[in-house]
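**Q** So I've got this file, work01.cif, and it contains mmCIF, C-alpha atoms:
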```cif
data_coords
#
loop_
_atom_site.label_atom_id
_atom_site.label_comp_id
_atom_site.auth_asym_id
_atom_site.auth_seq_id
_atom_site.Cartn_x
_atom_site.Cartn_y
_atom_site.Cartn_z
CA MET E 1 0.00 0.00 0.00
CA GLU E 2 1.42 3.33 -1.04
CA PRO E 3 1.76 5.93 1.74
CA TYR E 4 -0.49 8.96 1.73
CA ILE E 5 2.00 11.86 1.87
CA VAL E 6 0.90 15.44 2.49
CA GLY E 7 2.78 18.73 2.72
CA VAL E 8 2.32 20.72 5.92
CA ARG E 9 3.24 24.36 6.51
CA PHE E 10 3.52 25.75 10.06
CA GLN E 11 3.87 29.44 9.22
CA LYS E 12 2.52 31.65 6.47
CA GLY E 13 5.09 31.65 3.69
CA GLY E 14 7.17 29.09 5.57
CA LYS E 15 8.84 25.94 4.33
CA VAL E 16 6.67 22.92 3.46
CA TYR E 17 7.42 19.68 5.32
CA HIS E 18 6.11 16.28 4.27
CA PHE E 19 4.44 13.75 6.58
CA ASP E 20 2.76 10.37 6.29
CA ALA E 21 -1.01 10.78 6.64
CA SER E 22 -1.94 7.13 6.10
CA ARG E 23 -3.64 7.09 9.52
CA CYS E 24 -5.64 10.20 8.60
CA CYS E 25 -6.55 9.64 4.97
CA GLU E 26 -9.42 12.09 5.26
CA LEU E 27 -6.97 15.01 5.37
CA GLN E 28 -7.33 17.37 2.42
CA VAL E 29 -5.75 20.64 1.37
CA GLY E 30 -6.84 23.38 3.78
CA ASP E 31 -7.21 21.12 6.83
CA TYR E 32 -5.08 21.44 9.95
CA ALA E 33 -3.16 18.59 11.54
CA VAL E 34 -1.15 17.96 14.69
CA VAL E 35 2.33 16.54 14.02
CA GLU E 36 5.33 15.59 16.14
CA THR E 37 8.49 17.48 15.19
CA SER E 38 11.95 18.04 16.65
CA ARG E 39 10.53 21.15 18.35
CA GLY E 40 7.63 19.38 19.95
CA ARG E 41 4.03 19.02 18.84
CA GLN E 42 2.99 21.64 16.36
CA LEU E 43 -0.13 22.56 14.47
CA GLY E 44 0.22 23.02 10.71
CA GLU E 45 -1.91 23.53 7.63
CA VAL E 46 -2.07 20.92 4.86
CA VAL E 47 -1.10 22.75 1.66
CA GLN E 48 -0.56 19.87 -0.79
CA VAL E 49 -1.06 16.17 -1.42
CA VAL E 50 1.96 14.49 -3.00
CA GLU E 51 0.91 12.32 -5.95
CA ASP E 52 4.17 10.39 -6.52
CA PRO E 53 6.22 10.64 -3.32
CA SER E 54 9.95 10.07 -3.63
CA ALA E 55 12.16 8.39 -1.06
CA PRO E 56 11.86 9.89 2.45
CA PRO E 57 14.75 12.17 3.43
CA GLU E 58 15.60 10.29 6.66
CA GLY E 59 14.60 6.71 5.86
CA THR E 60 10.96 6.95 7.00
CA TRP E 61 8.22 9.53 6.83
CA LYS E 62 7.15 10.99 10.15
CA PRO E 63 3.48 10.21 10.75
CA ILE E 64 0.77 12.75 11.44
CA ALA E 65 -0.60 12.37 14.97
CA ARG E 66 -4.18 13.38 14.24
CA LYS E 67 -6.40 15.87 12.54
CA ALA E 68 -6.74 19.13 14.43
CA ASN E 69 -10.06 19.80 16.12
CA ALA E 70 -11.77 23.05 17.09
CA ARG E 71 -10.12 23.08 20.54
CA ASP E 72 -6.65 22.94 18.96
CA LEU E 73 -7.41 25.89 16.72
CA VAL E 74 -8.72 27.98 19.63
CA LEU E 75 -5.63 27.15 21.71
CA ARG E 76 -3.40 28.23 18.88
CA GLN E 77 -5.10 31.62 18.63
CA LEU E 78 -4.86 32.19 22.39
CA TRP E 79 -1.13 31.45 22.55
CA GLN E 80 -0.40 33.48 19.43
CA LYS E 81 -1.85 36.55 21.17
CA LYS E 82 0.73 36.13 23.94
CA GLU E 83 3.73 36.07 21.58
CA LEU E 84 4.04 39.86 21.36
CA GLU E 85 3.99 40.18 25.16
CA ALA E 86 6.67 37.48 25.45
CA THR E 87 8.85 39.29 22.90
CA ILE E 88 8.65 42.57 24.86
CA ASN E 89 9.45 40.81 28.14
CA CYS E 90 12.47 39.08 26.60
CA ARG E 91 13.83 42.36 25.24
CA GLU E 92 13.54 43.93 28.70
CA LYS E 93 15.37 41.01 30.31
CA LEU E 94 18.05 41.23 27.63
CA LYS E 95 18.63 44.87 28.51
CA GLU E 96 18.95 43.95 32.18
CA THR E 97 21.49 41.22 31.52
CA GLY E 98 23.60 43.59 29.41
CA ILE E 99 24.45 41.07 26.67
CA PRO E 100 25.76 43.15 23.71
CA GLY E 101 25.13 42.58 19.99
CA VAL E 102 21.93 40.53 20.40
CA LYS E 103 18.52 41.44 19.01
CA ILE E 104 15.31 39.58 19.90
CA VAL E 105 13.26 39.29 16.72
CA THR E 106 10.10 37.47 17.80
CA ALA E 107 8.68 34.77 20.06
CA GLU E 108 6.80 31.63 19.03
CA PHE E 109 4.56 29.41 21.15
CA THR E 110 3.54 25.94 20.09
CA PHE E 111 -0.19 25.54 19.60
CA ASP E 112 -0.66 24.20 23.15
CA GLY E 113 1.89 26.47 24.85
CA SER E 114 4.19 23.62 25.86
CA ARG E 115 7.25 25.24 24.25
CA LEU E 116 8.31 28.86 23.82
CA SER E 117 11.02 29.77 21.29
CA PHE E 118 12.74 33.15 21.13
CA LEU E 119 14.31 33.95 17.77
CA TYR E 120 17.30 36.27 17.92
CA SER E 121 20.00 37.61 15.62
CA THR E 122 23.51 38.75 16.40
CA GLU E 123 26.28 40.55 14.54
CA THR E 124 29.08 39.11 16.67
CA GLU E 125 31.04 36.14 15.40
CA GLY E 126 30.83 32.89 17.28
CA LYS E 127 28.24 31.59 19.70
CA VAL E 128 26.69 33.98 22.23
CA ASP E 129 26.11 32.82 25.80
CA LEU E 130 22.41 33.39 26.55
CA ARG E 131 22.04 31.09 29.53
CA LYS E 132 21.24 33.97 31.88
CA LEU E 133 18.54 35.24 29.55
CA ASN E 134 17.17 31.74 29.07
CA ASN E 135 16.95 31.11 32.82
CA ALA E 136 15.26 34.48 33.38
CA MET E 137 12.61 33.75 30.78
CA GLN E 138 12.13 30.22 32.11
CA ARG E 139 11.27 31.62 35.52
CA LEU E 140 8.86 34.05 33.87
CA TYR E 141 7.12 31.28 31.86
CA PRO E 142 7.38 28.14 34.02
CA ARG E 143 4.67 26.21 32.15
CA SER E 144 6.56 26.35 28.83
CA ARG E 145 9.94 25.04 27.86
CA VAL E 146 11.99 28.07 26.83
CA GLU E 147 14.68 27.89 24.15
CA MET E 148 16.76 30.40 22.18
CA ARG E 149 17.20 30.02 18.42
CA GLN E 150 19.54 32.10 16.28
CA ILE E 151 18.42 33.08 12.77
CA GLY E 152 20.17 34.79 9.85
CA PRO E 153 19.58 38.27 8.43
CA ARG E 154 17.36 36.96 5.64
CA ASP E 155 15.10 35.21 8.15
CA VAL E 156 14.97 38.41 10.21
CA ALA E 157 13.66 40.31 7.18
CA LYS E 158 11.14 37.52 6.55
CA TYR E 159 9.72 37.77 10.09
CA LEU E 160 9.69 41.58 10.26
CA GLY E 161 8.22 42.10 6.78
CA GLY E 162 7.92 45.59 5.33
CA MET E 163 8.02 47.22 1.90
CA GLY E 164 10.39 45.79 -0.68
CA ALA E 165 13.11 47.74 -2.45
CA CYS E 166 11.11 47.49 -5.69
CA GLY E 167 8.12 49.28 -4.17
CA LEU E 168 5.88 46.29 -3.41
CA GLU E 169 4.00 46.49 -0.13
CA LYS E 170 5.53 43.20 1.01
CA ARG E 171 8.88 41.62 0.41
CA CYS E 172 9.26 38.47 -1.66
CA CYS E 173 10.51 36.51 1.35
CA THR E 174 7.33 37.40 3.23
CA MET E 175 4.91 36.66 0.38
CA PHE E 176 6.03 33.47 -1.33
CA LEU E 177 9.69 32.50 -0.78
CA THR E 178 9.88 29.31 1.28
CA GLU E 179 13.65 28.80 0.99
CA PHE E 180 16.57 31.13 0.37
CA SER E 181 18.74 30.31 -2.64
CA PRO E 182 22.44 31.24 -2.70
CA ILE E 183 22.96 34.59 -4.47
CA SER E 184 26.28 35.73 -5.96
CA ILE E 185 27.54 38.98 -7.49
CA LYS E 186 27.93 37.11 -10.80
CA MET E 187 24.14 37.09 -11.20
CA ALA E 188 24.06 40.88 -11.19
CA LYS E 189 26.90 41.10 -13.72
CA GLU E 190 25.20 38.67 -16.13
CA GLN E 191 22.05 40.80 -16.13
CA GLY E 192 23.90 44.07 -16.59
CA ILE E 193 22.69 45.47 -13.26
CA SER E 194 24.67 48.27 -11.66
CA LEU E 195 26.92 46.97 -8.88
CA THR E 196 26.11 49.93 -6.65
CA PRO E 197 25.31 48.51 -3.19
CA SER E 198 21.99 50.33 -3.02
CA GLU E 199 20.93 48.73 -6.32
CA ILE E 200 21.69 45.09 -5.50
CA THR E 201 21.31 44.98 -1.70
CA GLY E 202 18.02 44.22 0.00
CA MET E 203 16.61 45.43 3.30
CA CYS E 204 18.36 42.54 5.05
CA GLY E 205 21.78 43.84 4.04
CA ARG E 206 22.41 40.88 1.71
CA LEU E 207 22.17 40.54 -2.07
CA ARG E 208 18.57 40.70 -3.24
CA CYS E 209 16.78 37.38 -3.71
CA CYS E 210 15.23 38.64 -6.96
CA LEU E 211 18.65 38.55 -8.68
CA ILE E 212 18.11 34.84 -9.28
CA TYR E 213 14.66 35.14 -10.88
CA GLU E 214 15.84 35.87 -14.47
CA TYR E 215 19.46 34.76 -14.16
CA GLU E 216 19.04 31.52 -16.16
CA GLN E 217 17.19 33.33 -18.96
CA TYR E 218 20.01 35.87 -19.28
CA VAL E 219 22.67 33.14 -19.34
CA GLU E 220 20.82 31.25 -22.06
CA ALA E 221 20.24 34.41 -24.13
CA ARG E 222 23.91 35.45 -23.94
CA LYS E 223 25.16 32.16 -25.38
CA SER E 224 24.36 33.18 -28.97
CA LEU E 225 25.47 36.83 -28.67
CA PRO E 226 29.03 38.17 -29.01
CA LYS E 227 30.64 39.48 -25.84
CA ARG E 228 31.61 43.08 -25.19
CA GLY E 229 34.82 44.17 -26.87
CA LYS E 230 34.58 41.60 -29.69
CA ARG E 231 35.14 42.64 -33.32
CA VAL E 232 32.20 41.95 -35.60
CA MET E 233 31.16 42.58 -39.19
CA THR E 234 27.95 44.53 -39.76
CA PRO E 235 26.08 45.68 -42.88
CA LYS E 236 28.05 48.95 -42.58
CA GLY E 237 31.45 47.36 -42.09
CA GLU E 238 33.70 46.35 -39.24
CA GLY E 239 32.90 47.40 -35.67
CA LYS E 240 33.34 46.62 -31.98
CA VAL E 241 30.63 45.44 -29.59
CA GLU E 242 30.04 48.09 -26.93
CA ASP E 243 26.95 46.71 -25.17
CA VAL E 244 24.72 43.62 -25.24
CA TYR E 245 20.94 43.38 -24.81
CA PRO E 246 20.32 39.65 -24.17
CA LEU E 247 16.51 39.75 -23.95
CA LYS E 248 16.25 41.82 -27.16
CA GLN E 249 18.85 39.61 -28.87
CA SER E 250 20.68 42.70 -30.12
CA VAL E 251 24.02 44.43 -29.63
CA ILE E 252 25.36 48.01 -29.74
CA VAL E 253 28.27 48.23 -32.21
CA SER E 254 30.76 51.05 -32.45
CA LEU E 255 31.75 51.40 -36.10
CA LEU E 256 35.11 52.62 -37.39
CA ASP E 257 33.73 56.11 -38.04
CA GLY E 258 32.75 56.47 -34.38
CA THR E 259 28.99 55.97 -34.73
CA ARG E 260 27.07 53.60 -32.46
CA VAL E 261 24.38 51.48 -34.09
CA GLU E 262 22.12 48.79 -32.64
CA TYR E 263 21.99 45.60 -34.69
CA ALA E 264 19.97 42.43 -34.29
CA HIS E 265 21.79 39.17 -33.72
CA ALA E 266 21.19 38.03 -37.31
CA GLU E 267 22.79 41.20 -38.74
CA VAL E 268 26.24 40.78 -37.15
CA GLN E 269 28.93 38.19 -37.76
CA PRO E 270 32.07 37.51 -35.70
CA TYR E 271 35.11 39.09 -37.35
CA GLU E 272 37.20 35.91 -37.01
CA GLU E 273 34.51 33.86 -38.74
CA TYR E 274 34.20 36.45 -41.50
CA GLU E 275 37.97 36.44 -42.13
CA ALA E 276 38.05 32.62 -42.16
CA LEU E 277 35.31 32.45 -44.80
CA LYS E 278 37.01 35.17 -46.85
CA ASN E 279 40.38 33.36 -46.85
CA LYS E 280 38.73 30.08 -47.72
CA ALA E 281 36.98 31.66 -50.71
CA GLN E 282 40.33 32.96 -52.06
CA GLN E 283 42.07 29.60 -51.86
CA PRO E 284 42.23 27.34 -54.99
CA CYS E 285 39.87 24.43 -55.33
CA ALA E 286 41.04 21.40 -53.39
CA LYS E 287 39.05 18.92 -55.53
CA HIS E 288 40.63 19.70 -58.94
CA GLU E 289 44.36 20.16 -59.51
CA GLY E 290 46.37 21.40 -62.49
CA GLY E 291 43.99 24.19 -63.48
CA GLU E 292 41.20 21.83 -64.54
CA CYS E 293 38.71 23.13 -61.98
CA ASP E 294 35.27 23.80 -63.42
CA CYS E 295 33.46 24.51 -60.10
CA GLY E 296 31.21 27.48 -60.66
CA LYS E 297 32.44 27.92 -64.24
CA ASP E 298 29.35 29.71 -65.48
CA GLN E 299 28.74 31.51 -62.21
CA GLY E 300 32.21 33.08 -62.03
CA ALA E 301 32.69 34.03 -65.70
CA PRO E 302 31.67 37.46 -66.99
CA PRO E 303 28.43 37.68 -68.95
CA ASP E 304 30.22 38.13 -72.32
CA GLU E 305 32.40 35.04 -71.76
CA GLN E 306 29.63 32.75 -70.71
CA ALA E 307 28.43 30.19 -73.22
CA ALA E 308 25.69 31.48 -75.48
CA PRO E 309 22.32 29.95 -74.81
CA GLN E 310 21.45 27.14 -77.24
CA PRO E 311 18.14 27.26 -79.13
CA PRO E 312 15.56 24.83 -77.87
CA GLU E 313 15.56 21.49 -79.63
CA GLU E 314 12.73 21.05 -82.10
CA PRO E 315 10.22 18.44 -81.10
CA ARG E 316 10.57 15.12 -82.94
CA ARG E 317 7.90 14.56 -85.53
CA TYR E 318 5.99 11.30 -85.60
CA TYR E 319 4.20 10.27 -88.80
CA PRO E 320 1.31 7.84 -88.81
CA THR E 321 2.11 4.41 -90.29
CA GLN E 322 -1.47 3.22 -90.81
CA GLY E 323 -2.13 2.22 -94.46
CA ARG E 324 1.59 2.04 -95.41
CA LYS E 325 3.27 -1.27 -96.10
CA SER E 326 6.86 -2.06 -95.42
CA LYS E 327 9.24 -3.40 -98.11
CA LYS E 328 9.37 -6.79 -96.43
CA HIS E 329 5.62 -7.09 -96.55
CA ARG E 330 5.52 -6.14 -100.24
CA ARG E 331 8.10 -8.84 -101.17
CA LYS E 332 6.05 -11.59 -99.58
CA LYS E 333 3.14 -10.65 -101.74
#
```
Written as structure tokens, how would this file's structure read?
**A**
Amino acid sequence: MEPYIVGVRFQKGGKVYHFDASRCCELQVGDYAVVETSRGRQLGEVVQVVEDPSAPPEGTWKPIARKANARDLVLRQLWQKKELEATINCREKLKETGIPGVKIVTAEFTFDGSRLSFLYSTETEGKVDLRKLNNAMQRLYPRSRVEMRQIGPRDVAKYLGGMGACGLEKRCCTMFLTEFSPISIKMAKEQGISLTPSEITGMCGRLRCCLIYEYEQYVEARKSLPKRGKRVMTPKGEGKVEDVYPLKQSVIVSLLDGTRVEYAHAEVQPYEEYEALKNKAQQPCAKHEGGECDCGKDQGAPPDEQAAPQPPEEPRRYYPTQGRKSKKHRRKK
């Protein structure tokens, strides 16, 4: 029997985790389920049903405990209302302890309040000792198990939200990004984006996630176009490529007279290729030796030296033979 695998998301815009719902086959997209995770029991929303599940990442799929009921949903709402208060209390305790370089981002309760996680970020290198802060918060919330979790600058921007650098009311990481892909400065260079920090840096202080959106399309489009600085042949003569427009499949060429003209990809030819074809056309024929070459005889000769056109051959006349007797037939008679 094939397992019934569903994708569960615990936060809006968060990563999707897969679980075995064979015990709860009635689960559909939009339902809520209680699952056992490494951070305790959590309540998540079913966002997909996997048609052809691949091999489980850790040998076996973790099973879903049960389908969430109305009491679970109410408990989740009650504990979520206390998260802001817990965040403020943790920031006050952090100020009292005097630990430098640490910022409390948010607090998260499990749906039943059994565990309380404080998410923090730090600019200092190495691990920060937060045992004093942890013990202080544990005394303040004795019914929950308190833990401190460090997150990166991209995750901080995801939790805080805000307007994106492009002008959208929400950032991409808040709306739909579930995982952060590695971004490099090469992606900005391939797309011809200015390397000014304000142009390629997001609100998190890292390279913008949107640099990867069209990167593959630019790489594929550049494969057929000449690079900058290359010599090319154009309809107006030799020139040098000054700029490349990959999506338009065109280039800006600086001609020998100093003018800059935009040409489509089909209108330019690499200078090396043009010279190779020109030299090949000037070489003698390799098939015929001794001056007996007749390749392109009529095409290359001047009009006055070409053979005069021959008049069309007259159609052969056929005469009827009915009523005429051959000599052999006349002898027999």
**Q** Residues at most 12 Å from E:Val232, counting all atoms listed in the file, excluding those fewer than 2 positions away in the same chain, as a ChimeraX atom specification?
**A** /E:225-230,234-242,251-256,263,265-275
**Q** For E:Ile5, work out the shell of residues within 10 Å, counting all atoms listed in the file and skipping chain neighbours fewer than 2 positions away, then give it as a list in words.
**A**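 My reading of the contact set: Glu2, Pro3, Gly7, Val8, His18, Phe19, Asp20, Ala21, Ser22, Cys25, Gln48, Val49, Val50, Glu51, Asp52, Pro53, Ser54, Trp61, Lys62, Pro63 and Ile64 of chain E.
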**Q** Please evaluate the PyMOL selection byres ((chain E and resi 28) around 9) against the structure above and give the resulting residues as a list in words.
**A**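 Evaluating the PyMOL selection byres ((chain E and resi 28) around 9) on these coordinates yields Val6, Cys25, Glu26, Leu27, Val29, Gly30, Asp31, Tyr32, Val46, Val47, Gln48 and Val49 of chain E.
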**Q** Output the residue selection produced by the PyMOL selection byres ((chain E and resi 187) around 12) on the file above, formatted as number ranges by chain.
**A** E: 182-186, 188-195, 200, 207-219
**Q** Quick one: distance from atom CA of E:Tyr4 to atom CA of E:Arg71 in Å, one decimal?
**A** 25.4 Å
**Q** Residues at most 9 Å from E:Gly164, counting all atoms listed in the file, excluding those fewer than 6 positions away in the same chain, as an mmCIF file with C-alpha atoms, in the coordinates of the input?
**A**
```
data_model
loop_
_atom_site.group_PDB
_atom_site.id
_atom_site.type_symbol
_atom_site.label_atom_id
_atom_site.label_comp_id
_atom_site.auth_asym_id
_atom_site.auth_seq_id
_atom_site.Cartn_x
_atom_site.Cartn_y
_atom_site.Cartn_z
ATOM 1 C CA LYS E 170 5.530 43.200 1.010
ATOM 2 C CA ARG E 171 8.880 41.620 0.410
ATOM 3 C CA CYS E 172 9.260 38.470 -1.660
ATOM 4 C CA GLY E 202 18.020 44.220 0.000
ATOM 5 C CA MET E 203 16.610 45.430 3.300
#
```
**Q** Quick one: everything within 10 Å of E:Ala65, counting all atoms listed in the file, minus sequence neighbours fewer than 6 positions away in the same chain. Send it as an mmCIF file with C-alpha atoms, in the coordinates of the input.
**A**
```cif
data_model
loop_
_atom_site.group_PDB
_atom_site.id
_atom_site.type_symbol
_atom_site.label_atom_id
_atom_site.label_comp_id
_atom_site.auth_asym_id
_atom_site.auth_seq_id
_atom_site.Cartn_x
_atom_site.Cartn_y
_atom_site.Cartn_z
ATOM 1 C CA PHE E 19 4.440 13.750 6.580
ATOM 2 C CA ASP E 20 2.760 10.370 6.290
ATOM 3 C CA ALA E 21 -1.010 10.780 6.640
ATOM 4 C CA ARG E 23 -3.640 7.090 9.520
ATOM 5 C CA CYS E 24 -5.640 10.200 8.600
ATOM 6 C CA ALA E 33 -3.160 18.590 11.540
ATOM 7 C CA VAL E 34 -1.150 17.960 14.690
ATOM 8 C CA VAL E 35 2.330 16.540 14.020
ATOM 9 C CA GLU E 36 5.330 15.590 16.140
ATOM 10 C CA ARG E 41 4.030 19.020 18.840
#
```
**Q** Measuring atom to atom with only C-alpha atoms, identify which of E:Thr178, E:Val244, E:Glu199, E:Glu92 is nearest to E:Arg9.
**A**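 Going through E:Thr178, E:Val244, E:Glu199, E:Glu92 one by one, the smallest distance to E:Arg9 is for E:Thr178.
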**Q** Could you work out how far atom CA of E:Ser117 lies from atom CA of E:Val74, giving the answer in Å with one decimal?
**A**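 According to the coordinates, atom CA of E:Val74 and atom CA of E:Ser117 are separated by 19.9 Å.
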**Q** Quick one: which stretch 118-169 of chain E residues come within 12 Å of stretch 10-14 of chain E, and what is the nearest atom pair for each with the distance in Å to one decimal, counting all atoms listed in the file, rows ordered by chain and ascending number, as a tab-separated table?
**A**
```
residue	atom	partner	partner_atom	distance
E:Asp155	CA	E:Gly14	CA	10.3
E:Lys158	CA	E:Gly13	CA	8.9
E:Tyr159	CA	E:Gly13	CA	10.0
E:Gly161	CA	E:Gly13	CA	11.3
```
**Q** Ranking E:Cys90, E:Glu179, E:Gly40, E:Ala221 by minimum distance to E:Gln138 and counting all atoms listed in the file, which one comes first?
**A** E:Cys90
**Q** Can you list, as an MDAnalysis selection string, the residues that the PyMOL selection byres ((chain E and resi 111) around 9) selects here?
**A** chainID E and resid 41:43 72:80 109:110 112:115
**Q** Could you tell me how far atom CA of E:Ala264 lies from atom CA of E:Tyr245, in Å and to one decimal?
**A**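 It comes out at 9.6 Å.
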**Q** Using only C-alpha atoms, list the residues that have an atom at most 12 Å from (25.7, 32.0, 25.0), coordinates as in the file, as a PyMOL selection string.
**A** chain E and resi 99-102+120+122+124-135+147-150
**Q** Which is closest to E:Asn89 among E:Gly44, E:Val261, E:Tyr141, E:Lys67, if we use only C-alpha atoms?
**A**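 Using only C-alpha atoms, E:Asn89 sits closest to E:Tyr141.
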**Q** Could you check which of E:Leu116, E:Pro197, E:Tyr17, E:Arg222 is closest to E:Arg143, using only C-alpha atoms?
**A** E:Leu116
**Q** Which is closer to E:Ser250 than all the others in E:Ser224, E:Cys173, E:Leu277, E:Lys103, using all atoms listed in the file?
**A**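 Closest to E:Ser250, using all atoms listed in the file: E:Ser224.
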**Q** Please fill the gaps in stretch 30-46 of chain E so it has N, CA and C atoms, and write that as a CSV table (one decimal), in the frame of the given file.
**A**
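What landed in result_17.csv:
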```
chain,number,residue,atom,x,y,z
E,30,GLY,N,-6.1,22.4,3.0
E,30,GLY,CA,-6.8,23.4,3.8
E,30,GLY,C,-7.1,22.9,5.2
E,31,ASP,N,-7.0,21.6,5.5
E,31,ASP,CA,-7.2,21.1,6.8
E,31,ASP,C,-6.0,21.4,7.7
E,32,TYR,N,-6.2,21.3,9.0
E,32,TYR,CA,-5.1,21.4,10.0
E,32,TYR,C,-4.8,20.1,10.6
E,33,ALA,N,-3.5,19.9,10.9
E,33,ALA,CA,-3.2,18.6,11.5
E,33,ALA,C,-2.1,18.8,12.6
E,34,VAL,N,-2.1,17.9,13.6
E,34,VAL,CA,-1.2,18.0,14.7
E,34,VAL,C,-0.1,17.0,14.4
E,35,VAL,N,1.2,17.4,14.4
E,35,VAL,CA,2.3,16.5,14.0
E,35,VAL,C,3.4,16.7,15.1
E,36,GLU,N,4.2,15.6,15.2
E,36,GLU,CA,5.3,15.6,16.1
E,36,GLU,C,6.6,15.9,15.4
E,37,THR,N,7.3,17.0,15.8
E,37,THR,CA,8.5,17.5,15.2
E,37,THR,C,9.6,17.5,16.2
E,38,SER,N,10.8,17.9,15.7
E,38,SER,CA,12.0,18.0,16.6
E,38,SER,C,11.8,19.2,17.7
E,39,ARG,N,10.8,20.0,17.4
E,39,ARG,CA,10.5,21.2,18.4
E,39,ARG,C,9.2,20.9,19.1
E,40,GLY,N,8.8,19.7,19.2
E,40,GLY,CA,7.6,19.4,20.0
E,40,GLY,C,6.4,19.3,19.0
E,41,ARG,N,5.3,19.1,19.6
E,41,ARG,CA,4.0,19.0,18.8
E,41,ARG,C,3.7,20.4,18.3
E,42,GLN,N,3.3,20.4,17.0
E,42,GLN,CA,3.0,21.6,16.4
E,42,GLN,C,1.7,21.4,15.5
E,43,LEU,N,1.1,22.6,15.3
E,43,LEU,CA,-0.1,22.6,14.5
E,43,LEU,C,0.2,23.2,13.1
E,44,GLY,N,-0.1,22.5,12.0
E,44,GLY,CA,0.2,23.0,10.7
E,44,GLY,C,-0.9,22.8,9.7
E,45,GLU,N,-0.9,23.6,8.7
E,45,GLU,CA,-1.9,23.5,7.6
E,45,GLU,C,-1.5,22.6,6.5
E,46,VAL,N,-2.4,21.8,6.0
E,46,VAL,CA,-2.1,20.9,4.9
E,46,VAL,C,-2.2,21.8,3.6
```
